Amino acid sequence: MGYAIKTENLIKRYKDKTAVDGLNLSVKEGELIALLGVNGAGKTTTVKMLTCLTKPSGGKAEIMGIDISKDPDGVKRLVGVSPQDTSVAENLTVKENLEFMADIYLPGGKADEAVARAIEAFGLAEFENKKAKLLSGGYKRKLSIAMAIIGEPKVLFLDEPTLGLDVLARRQLWHEIEALKKDMTIVLTTHYMEEAQALADRIVIMNEGCVMAVGTLAELENMTGKKGLEDVFVSIAERME
Amino acid sequence: MRRTMVFAKRNLIEVYRDPLSWIFCIAFPIVMLIIMSIVNSAIPKEAGNTLFRIDNLAGGIAIFGQMFVMLFTAIAVAKDRNGAFLTRLYSSPMKSGNFVWGYIFPMLLTAVIQACISLAAAVVISLITDYSLNIAGLLLAVVAVIPSALMFSAIGFLFGTFFNEKAAPGICSIVISLGAMVGGIWFDVEGVGGFMYKLGRCLPFLYATKLARSAISMDFGVREFLIPLGVVVLAAGVLTALASIVFDSRMHADQR
Ligand SMILES: Nc1ncnc2c1ncn2[C@@H]1O[C@H](COP(=O)(O)OP(=O)(O)OP(=O)(O)O)[C@@H](O)[C@H]1O
Ligand SMILES: [Mg+2]
C-alpha cells in the first residue's frame, strides 16, 4: 500500500515564528491519524500546508504521490478540508451550501446523490432549507464538515471537528467519521484525548512544530510506561519542558 | 466554466437575498428618475436646461445605477475575503479566473436587469409627461450600457480585492460622488467646462453617460457614440484584466 501523505522536513516560517519545524510524517492509505498537541503546536499550519492553503518555507510533501509545491491543482482535487473555523456561505441554505460544494468537485450526475447522502448522514434533513446563518453553532459545524466530505476526497483533513459539539453530537460525528474511514485517509486534529483514542489508528504528538512521538496507543503507552492517552500525552509534553 | 457558473450562482443568491441590493440597485434609480422628472417639470422652459428631460435623464440614471452595482460588488468581495468561506474555496480546485468571473457575472446580470427596469420606468414617465421617447433607442441602450456595467463591476471587484469590508464602501462612495459629478449625470460638465470637464475627459464616467444618452437618442456620431463606445470598451477591458491580475496575486499572497 502506498502512502497517502508523506512529508520530509516540512517547514513553515512566519516572520518571527517557526510554526512547523522539520516535520516528518508518513500516513498510509486508509489510515486515520490524530494530530495532538498543545495550542500553537503547529497542527493547523500543517493542515494548511497539506491542503495548499499556505506554502511551505522548506521541505517536501506529497499527497497520494503528488508534490504539493509542484502540482497544487492536482492536490486540491484530492483533498477535502474542514477548517478549524466553521466556514459556510451564510446566506445560502444548508442544501444550497452542500449543492455548491458538490458542484465544485463532482460531475453533474453525481452531485445530487452526494447531497442527499450528506443530508442523511449528518442528520441535516430538518434544516435543509434553513439559511446557514440561522443554524446553531453545532449544526453549522456539522454542515461545515459535511461540505468537506461531499467532494469525495481521497484525503480528508478535519481540524478540530468536534469543537463546539454537545456530547451526543460528538458521539454521532465519531460514528460518521468511522464510516468514512473505509473510503478515505483521514487526518484529524483534536484536543480531546478520548476522541483520538476512539478513532485513530495512530497518534501523532506535536510540539513547537516538531513531531515528538508517533504510534498506536499501545506503542505510546509502552514508550512512556503510562496508561491511557491522557497520561501518555502529559508525560511526553512534560518531558519537553 | 462549470465552477465559474457554480460560484456565480452562489453570488447571485447572496445578492438577491440582500434587501439592500434591491433597494439600491433597483428601487433607488427609479426613485431618482421620478424625483428628477418632478424637478424637471418645475424648471421653466426658458431656462433651456434639457439635462433632466427624460431622454437625457434616463441615460444618466442608467449609469448612476451601475455605480451602485459597483458598490455591491466591492462589498461582496471584501466581505468574502474577510470570512473563512473564501479561504476554504482556495483549497478547492477553483482557479482565480473562476473567482473573478464568478463575482462579475451576477453583477453584470444585475446591471442589465437594472437597466431594463429603469429604462422601462423612463417609458412610463415619458408617457405621463407627454415626451415621446424612441423605443428603438431605449432597446439599443440596454445593450450599449453593458460595457460600462462590466467596467463598474470590475472597479467594484478591484476595490473589494484591495480594501476591507469597512473601507471599501467608503472608497466606492467617493467614486460614486466623483463619477456622478464629472460624469455629467447631474449637470452639464461639458457646458461648465474648466477643471471639472478636463478631469471628466480623463476618466471613463463621462464617456459612459454620453454613450447611454447617445444610444437613447440614436445619435451615432463619432464624438457622440463611437469615441465614447471605444473608451468605455477599452476601460472595461483594461479594468477587468487588471482585476484578474490583482486577484490572482492576492490569492497567492494570502497563501504565503
Ligand atoms: N499567519 C500567521 N502569521 C504568523 N504566525 C502564525 C500564523 N499562523 C499561525 N502562526 C503561529 O504559528 C504557530 C502554530 O500555529 P497553529 O495554528 O498551527 O497551531 P495549532 O497547533 O493549530 O494550535 P491550536 O490548538 O490553538 O489550534 C503559533 O505560534 C501561531 O501563532
Ligand atoms: Mg489549530
# chains A, B, ... in the order shown; residues from 1 in each chain; ligands from 1
call {"tool": "interface_residues", "arguments": {"of": "chain A", "to": "chain B", "cutoff": "9 Å", "atoms": "only C-alpha atoms", "output": "PyMOL selection string"}}
result
chain A and resi 14+48+51-57+72-77+79-83+85-92+96-97+100-101+103-105
call {"tool": "residues_around", "arguments": {"residues": "stretch 139-141 of chain B", "least_positions_apart": "6", "cutoff": "8 Å", "atoms": "only C-alpha atoms", "output": "NGL selection string"}}
result
:B and (59 or 212-213 or 215-216)
call {"tool": "residues_around", "arguments": {"residues": "stretch 238-240 of chain B", "least_positions_apart": "2", "cutoff": "7 Å", "atoms": "only C-alpha atoms", "output": "JSON list (two decimals) with C-alpha atoms, in the first residue's frame"}}
result
[["chain", "number", "residue", "atom", "x", "y", "z"],
["B", 151, "MET", "CA", -16.40, 48.40, -16.18],
["B", 154, "ALA", "CA", -14.52, 45.41, -12.44],
["B", 155, "ILE", "CA", -13.89, 48.63, -10.48],
["B", 234, "LEU", "CA", -11.26, 49.83, -23.56],
["B", 235, "ALA", "CA", -11.71, 50.84, -19.92],
["B", 236, "ALA", "CA", -13.88, 47.80, -19.25],
["B", 242, "LEU", "CA", -6.36, 44.31, -14.01],
["B", 243, "ALA", "CA", -8.95, 42.83, -11.65],
["B", 244, "SER", "CA", -7.93, 39.30, -12.70]]
call {"tool": "select_by_dssp", "arguments": {"residues": "stretch 69-141 of chain A", "states": "strand (DSSP E)", "output": "list in words"}}
result
Val79, Gly80, Val81 and Ser82 of chain A
call {"tool": "write_last_selection", "arguments": {"atoms": "N, CA and C atoms", "output": "PDB file, in the first residue's frame"}}
result
ATOM      1  N   VAL A  79      -7.968  16.478  -2.033  1.00  0.00           N
ATOM      2  CA  VAL A  79      -8.150  16.693  -0.603  1.00  0.00           C
ATOM      3  C   VAL A  79      -9.454  17.413  -0.277  1.00  0.00           C
ATOM      4  N   GLY A  80      -9.931  17.166   0.914  1.00  0.00           N
ATOM      5  CA  GLY A  80     -11.059  17.916   1.452  1.00  0.00           C
ATOM      6  C   GLY A  80     -10.614  18.426   2.801  1.00  0.00           C
ATOM      7  N   VAL A  81     -11.094  19.602   3.187  1.00  0.00           N
ATOM      8  CA  VAL A  81     -10.685  20.117   4.485  1.00  0.00           C
ATOM      9  C   VAL A  81     -11.863  20.755   5.194  1.00  0.00           C
ATOM     10  N   SER A  82     -11.972  20.426   6.465  1.00  0.00           N
ATOM     11  CA  SER A  82     -12.919  21.124   7.320  1.00  0.00           C
ATOM     12  C   SER A  82     -12.075  22.014   8.221  1.00  0.00           C
TER      13      SER A  82
END
call {"tool": "residues_around", "arguments": {"residues": "stretch 221-225 of chain B", "least_positions_apart": "3", "cutoff": "10 Å", "atoms": "only C-alpha atoms", "output": "list in words"}}
result
Ala144, Tyr207, Ala208, Lys210, Leu211, Ala212, Arg213, Ser214, Ala215, Met218, Pro228, Leu229 and Gly230 of chain B
call {"tool": "residues_around", "arguments": {"residues": "stretch 172-187 of chain B", "least_positions_apart": "4", "cutoff": "10 Å", "atoms": "only C-alpha atoms", "output": "PyMOL selection string"}}
result
chain B and resi 36+49-52+56-68+70-72+74-75+155-156+159-160+167-168+191-192+195-210
call {"tool": "closest_atom_pairs", "arguments": {"of": "chain A", "to": "ligand 1", "cutoff": "12 Å", "atoms": "only C-alpha atoms and all ligand atoms", "output": "JSON lines"}}
result
{"residue": "A:Ile11", "atom": "CA", "partner": "ligand 1", "partner_atom_place_in_ligand_line": "12 (O)", "distance": 11.2}
{"residue": "A:Lys12", "atom": "CA", "partner": "ligand 1", "partner_atom_place_in_ligand_line": "12 (O)", "distance": 8.4}
{"residue": "A:Arg13", "atom": "CA", "partner": "ligand 1", "partner_atom_place_in_ligand_line": "5 (N)", "distance": 8.0}
{"residue": "A:Tyr14", "atom": "CA", "partner": "ligand 1", "partner_atom_place_in_ligand_line": "4 (C)", "distance": 4.9}
{"residue": "A:Lys15", "atom": "CA", "partner": "ligand 1", "partner_atom_place_in_ligand_line": "4 (C)", "distance": 6.5}
{"residue": "A:Asp16", "atom": "CA", "partner": "ligand 1", "partner_atom_place_in_ligand_line": "4 (C)", "distance": 7.3}
{"residue": "A:Lys17", "atom": "CA", "partner": "ligand 1", "partner_atom_place_in_ligand_line": "5 (N)", "distance": 6.0}
{"residue": "A:Thr18", "atom": "CA", "partner": "ligand 1", "partner_atom_place_in_ligand_line": "12 (O)", "distance": 6.6}
{"residue": "A:Ala19", "atom": "CA", "partner": "ligand 1", "partner_atom_place_in_ligand_line": "12 (O)", "distance": 4.0}
{"residue": "A:Val20", "atom": "CA", "partner": "ligand 1", "partner_atom_place_in_ligand_line": "14 (C)", "distance": 7.0}
{"residue": "A:Asp21", "atom": "CA", "partner": "ligand 1", "partner_atom_place_in_ligand_line": "14 (C)", "distance": 10.2}
{"residue": "A:Leu35", "atom": "CA", "partner": "ligand 1", "partner_atom_place_in_ligand_line": "21 (O)", "distance": 8.8}
{"residue": "A:Leu36", "atom": "CA", "partner": "ligand 1", "partner_atom_place_in_ligand_line": "21 (O)", "distance": 8.0}
{"residue": "A:Gly37", "atom": "CA", "partner": "ligand 1", "partner_atom_place_in_ligand_line": "21 (O)", "distance": 6.1}
{"residue": "A:Val38", "atom": "CA", "partner": "ligand 1", "partner_atom_place_in_ligand_line": "25 (O)", "distance": 5.7}
{"residue": "A:Asn39", "atom": "CA", "partner": "ligand 1", "partner_atom_place_in_ligand_line": "26 (O)", "distance": 3.5}
{"residue": "A:Gly40", "atom": "CA", "partner": "ligand 1", "partner_atom_place_in_ligand_line": "19 (O)", "distance": 3.4}
{"residue": "A:Ala41", "atom": "CA", "partner": "ligand 1", "partner_atom_place_in_ligand_line": "21 (O)", "distance": 3.8}
{"residue": "A:Gly42", "atom": "CA", "partner": "ligand 1", "partner_atom_place_in_ligand_line": "18 (O)", "distance": 3.2}
{"residue": "A:Lys43", "atom": "CA", "partner": "ligand 1", "partner_atom_place_in_ligand_line": "21 (O)", "distance": 3.7}
{"residue": "A:Thr44", "atom": "CA", "partner": "ligand 1", "partner_atom_place_in_ligand_line": "22 (O)", "distance": 3.6}
{"residue": "A:Thr45", "atom": "CA", "partner": "ligand 1", "partner_atom_place_in_ligand_line": "18 (O)", "distance": 3.7}
{"residue": "A:Thr46", "atom": "CA", "partner": "ligand 1", "partner_atom_place_in_ligand_line": "18 (O)", "distance": 6.4}
{"residue": "A:Val47", "atom": "CA", "partner": "ligand 1", "partner_atom_place_in_ligand_line": "18 (O)", "distance": 8.0}
{"residue": "A:Lys48", "atom": "CA", "partner": "ligand 1", "partner_atom_place_in_ligand_line": "18 (O)", "distance": 8.3}
{"residue": "A:Met49", "atom": "CA", "partner": "ligand 1", "partner_atom_place_in_ligand_line": "18 (O)", "distance": 9.9}
{"residue": "A:Leu53", "atom": "CA", "partner": "ligand 1", "partner_atom_place_in_ligand_line": "1 (N)", "distance": 10.9}
{"residue": "A:Thr54", "atom": "CA", "partner": "ligand 1", "partner_atom_place_in_ligand_line": "1 (N)", "distance": 8.9}
{"residue": "A:Lys55", "atom": "CA", "partner": "ligand 1", "partner_atom_place_in_ligand_line": "1 (N)", "distance": 11.2}
{"residue": "A:Pro83", "atom": "CA", "partner": "ligand 1", "partner_atom_place_in_ligand_line": "27 (O)", "distance": 10.3}
{"residue": "A:Gln84", "atom": "CA", "partner": "ligand 1", "partner_atom_place_in_ligand_line": "27 (O)", "distance": 7.2}
{"residue": "A:Asp85", "atom": "CA", "partner": "ligand 1", "partner_atom_place_in_ligand_line": "27 (O)", "distance": 9.6}
{"residue": "A:Leu158", "atom": "CA", "partner": "ligand 1", "partner_atom_place_in_ligand_line": "22 (O)", "distance": 11.5}
{"residue": "A:Asp159", "atom": "CA", "partner": "ligand 1", "partner_atom_place_in_ligand_line": "22 (O)", "distance": 8.0}
{"residue": "A:Glu160", "atom": "CA", "partner": "ligand 1", "partner_atom_place_in_ligand_line": "27 (O)", "distance": 7.8}
{"residue": "A:Pro161", "atom": "CA", "partner": "ligand 1", "partner_atom_place_in_ligand_line": "27 (O)", "distance": 11.4}
{"residue": "A:Leu163", "atom": "CA", "partner": "ligand 1", "partner_atom_place_in_ligand_line": "27 (O)", "distance": 10.7}
{"residue": "A:Leu188", "atom": "CA", "partner": "ligand 1", "partner_atom_place_in_ligand_line": "22 (O)", "distance": 11.3}
{"residue": "A:Thr189", "atom": "CA", "partner": "ligand 1", "partner_atom_place_in_ligand_line": "22 (O)", "distance": 8.1}
{"residue": "A:Thr190", "atom": "CA", "partner": "ligand 1", "partner_atom_place_in_ligand_line": "25 (O)", "distance": 7.7}
{"residue": "A:His191", "atom": "CA", "partner": "ligand 1", "partner_atom_place_in_ligand_line": "25 (O)", "distance": 7.2}
{"residue": "A:Tyr192", "atom": "CA", "partner": "ligand 1", "partner_atom_place_in_ligand_line": "25 (O)", "distance": 10.9}
{"residue": "A:Ile205", "atom": "CA", "partner": "ligand 1", "partner_atom_place_in_ligand_line": "21 (O)", "distance": 10.4}
{"residue": "A:Met206", "atom": "CA", "partner": "ligand 1", "partner_atom_place_in_ligand_line": "21 (O)", "distance": 7.9}
{"residue": "A:Asn207", "atom": "CA", "partner": "ligand 1", "partner_atom_place_in_ligand_line": "21 (O)", "distance": 8.0}
{"residue": "A:Glu208", "atom": "CA", "partner": "ligand 1", "partner_atom_place_in_ligand_line": "14 (C)", "distance": 7.5}
{"residue": "A:Gly209", "atom": "CA", "partner": "ligand 1", "partner_atom_place_in_ligand_line": "14 (C)", "distance": 7.1}
{"residue": "A:Cys210", "atom": "CA", "partner": "ligand 1", "partner_atom_place_in_ligand_line": "21 (O)", "distance": 10.6}
{"residue": "A:Val211", "atom": "CA", "partner": "ligand 1", "partner_atom_place_in_ligand_line": "21 (O)", "distance": 11.6}
call {"tool": "atom_distance", "arguments": {"atom1": "atom CA of A:Gly123", "atom2": "atom CA of A:Ala148"}}
result
15.7 Å
call {"tool": "select_by_dssp", "arguments": {"residues": "stretch 11-96 of chain A", "states": "alpha helix (DSSP H)", "output": "list in words"}}
result
Lys43, Thr44, Thr45, Thr46, Val47, Lys48, Met49, Leu50, Pro72, Asp73, Gly74, Val75, Lys76, Arg77, Leu78, Val94, Lys95 and Glu96 of chain A
call {"tool": "closest_residue", "arguments": {"among": "B:Ile171, B:Ile54, B:Ile26, B:Leu150", "to": "B:Leu138", "atoms": "only C-alpha atoms"}}
result
B:Ile54
call {"tool": "decode", "arguments": {"residues": "stretch 32-52 of chain A", "atoms": "N, CA, C and O atoms", "output": "PDB file, in the first residue's frame"}}
result
ATOM      1  N   LEU A  32      -6.312   6.391   9.660  1.00  0.00           N
ATOM      2  CA  LEU A  32      -6.814   7.603  10.306  1.00  0.00           C
ATOM      3  C   LEU A  32      -5.813   7.997  11.385  1.00  0.00           C
ATOM      4  O   LEU A  32      -5.545   7.211  12.297  1.00  0.00           O
ATOM      5  N   ILE A  33      -5.216   9.186  11.233  1.00  0.00           N
ATOM      6  CA  ILE A  33      -4.293   9.601  12.284  1.00  0.00           C
ATOM      7  C   ILE A  33      -4.840  10.823  13.011  1.00  0.00           C
ATOM      8  O   ILE A  33      -5.527  11.648  12.431  1.00  0.00           O
ATOM      9  N   ALA A  34      -4.517  10.879  14.286  1.00  0.00           N
ATOM     10  CA  ALA A  34      -4.919  12.033  15.089  1.00  0.00           C
ATOM     11  C   ALA A  34      -3.673  12.852  15.397  1.00  0.00           C
ATOM     12  O   ALA A  34      -2.655  12.307  15.813  1.00  0.00           O
ATOM     13  N   LEU A  35      -3.766  14.152  15.138  1.00  0.00           N
ATOM     14  CA  LEU A  35      -2.672  15.072  15.471  1.00  0.00           C
ATOM     15  C   LEU A  35      -3.003  15.720  16.803  1.00  0.00           C
ATOM     16  O   LEU A  35      -3.999  16.424  16.921  1.00  0.00           O
ATOM     17  N   LEU A  36      -2.165  15.457  17.791  1.00  0.00           N
ATOM     18  CA  LEU A  36      -2.382  16.081  19.090  1.00  0.00           C
ATOM     19  C   LEU A  36      -1.263  17.070  19.367  1.00  0.00           C
ATOM     20  O   LEU A  36      -0.161  16.932  18.856  1.00  0.00           O
ATOM     21  N   GLY A  37      -1.553  18.036  20.175  1.00  0.00           N
ATOM     22  CA  GLY A  37      -0.518  18.991  20.562  1.00  0.00           C
ATOM     23  C   GLY A  37      -1.144  20.174  21.247  1.00  0.00           C
ATOM     24  O   GLY A  37      -2.303  20.493  20.994  1.00  0.00           O
ATOM     25  N   VAL A  38      -0.351  20.817  22.107  1.00  0.00           N
ATOM     26  CA  VAL A  38      -0.888  21.979  22.822  1.00  0.00           C
ATOM     27  C   VAL A  38      -1.197  23.107  21.841  1.00  0.00           C
ATOM     28  O   VAL A  38      -0.800  23.051  20.685  1.00  0.00           O
ATOM     29  N   ASN A  39      -1.889  24.132  22.299  1.00  0.00           N
ATOM     30  CA  ASN A  39      -2.181  25.298  21.456  1.00  0.00           C
ATOM     31  C   ASN A  39      -0.885  25.856  20.877  1.00  0.00           C
ATOM     32  O   ASN A  39       0.090  26.036  21.593  1.00  0.00           O
ATOM     33  N   GLY A  40      -0.919  26.104  19.598  1.00  0.00           N
ATOM     34  CA  GLY A  40       0.261  26.699  18.954  1.00  0.00           C
ATOM     35  C   GLY A  40       1.321  25.690  18.559  1.00  0.00           C
ATOM     36  O   GLY A  40       2.412  26.056  18.132  1.00  0.00           O
ATOM     37  N   ALA A  41       1.009  24.403  18.667  1.00  0.00           N
ATOM     38  CA  ALA A  41       1.993  23.371  18.344  1.00  0.00           C
ATOM     39  C   ALA A  41       2.286  23.291  16.846  1.00  0.00           C
ATOM     40  O   ALA A  41       3.313  22.766  16.427  1.00  0.00           O
ATOM     41  N   GLY A  42       1.366  23.797  16.034  1.00  0.00           N
ATOM     42  CA  GLY A  42       1.587  23.765  14.582  1.00  0.00           C
ATOM     43  C   GLY A  42       0.661  22.827  13.837  1.00  0.00           C
ATOM     44  O   GLY A  42       0.876  22.528  12.660  1.00  0.00           O
ATOM     45  N   LYS A  43      -0.394  22.382  14.480  1.00  0.00           N
ATOM     46  CA  LYS A  43      -1.325  21.442  13.845  1.00  0.00           C
ATOM     47  C   LYS A  43      -2.037  22.089  12.653  1.00  0.00           C
ATOM     48  O   LYS A  43      -2.042  21.551  11.544  1.00  0.00           O
ATOM     49  N   THR A  44      -2.654  23.233  12.913  1.00  0.00           N
ATOM     50  CA  THR A  44      -3.404  23.904  11.846  1.00  0.00           C
ATOM     51  C   THR A  44      -2.479  24.303  10.694  1.00  0.00           C
ATOM     52  O   THR A  44      -2.831  24.164   9.519  1.00  0.00           O
ATOM     53  N   THR A  45      -1.290  24.769  11.037  1.00  0.00           N
ATOM     54  CA  THR A  45      -0.341  25.162   9.994  1.00  0.00           C
ATOM     55  C   THR A  45       0.014  23.960   9.116  1.00  0.00           C
ATOM     56  O   THR A  45       0.115  24.076   7.887  1.00  0.00           O
ATOM     57  N   THR A  46       0.187  22.800   9.757  1.00  0.00           N
ATOM     58  CA  THR A  46       0.474  21.586   8.991  1.00  0.00           C
ATOM     59  C   THR A  46      -0.675  21.269   8.037  1.00  0.00           C
ATOM     60  O   THR A  46      -0.464  21.003   6.852  1.00  0.00           O
ATOM     61  N   VAL A  47      -1.897  21.331   8.564  1.00  0.00           N
ATOM     62  CA  VAL A  47      -3.072  21.062   7.732  1.00  0.00           C
ATOM     63  C   VAL A  47      -3.133  22.054   6.570  1.00  0.00           C
ATOM     64  O   VAL A  47      -3.384  21.680   5.421  1.00  0.00           O
ATOM     65  N   LYS A  48      -2.867  23.322   6.855  1.00  0.00           N
ATOM     66  CA  LYS A  48      -2.933  24.345   5.800  1.00  0.00           C
ATOM     67  C   LYS A  48      -1.909  24.084   4.694  1.00  0.00           C
ATOM     68  O   LYS A  48      -2.206  24.264   3.519  1.00  0.00           O
ATOM     69  N   MET A  49      -0.720  23.655   5.076  1.00  0.00           N
ATOM     70  CA  MET A  49       0.287  23.378   4.044  1.00  0.00           C
ATOM     71  C   MET A  49      -0.135  22.193   3.182  1.00  0.00           C
ATOM     72  O   MET A  49      -0.016  22.223   1.961  1.00  0.00           O
ATOM     73  N   LEU A  50      -0.657  21.159   3.844  1.00  0.00           N
ATOM     74  CA  LEU A  50      -1.002  19.945   3.106  1.00  0.00           C
ATOM     75  C   LEU A  50      -2.245  20.120   2.242  1.00  0.00           C
ATOM     76  O   LEU A  50      -2.505  19.308   1.348  1.00  0.00           O
ATOM     77  N   THR A  51      -3.031  21.173   2.493  1.00  0.00           N
ATOM     78  CA  THR A  51      -4.202  21.426   1.657  1.00  0.00           C
ATOM     79  C   THR A  51      -3.964  22.636   0.746  1.00  0.00           C
ATOM     80  O   THR A  51      -4.898  23.217   0.212  1.00  0.00           O
ATOM     81  N   CYS A  52      -2.706  23.021   0.596  1.00  0.00           N
ATOM     82  CA  CYS A  52      -2.306  24.101  -0.324  1.00  0.00           C
ATOM     83  C   CYS A  52      -2.913  25.450   0.046  1.00  0.00           C
ATOM     84  O   CYS A  52      -3.124  26.297  -0.821  1.00  0.00           O
TER      85      CYS A  52
END
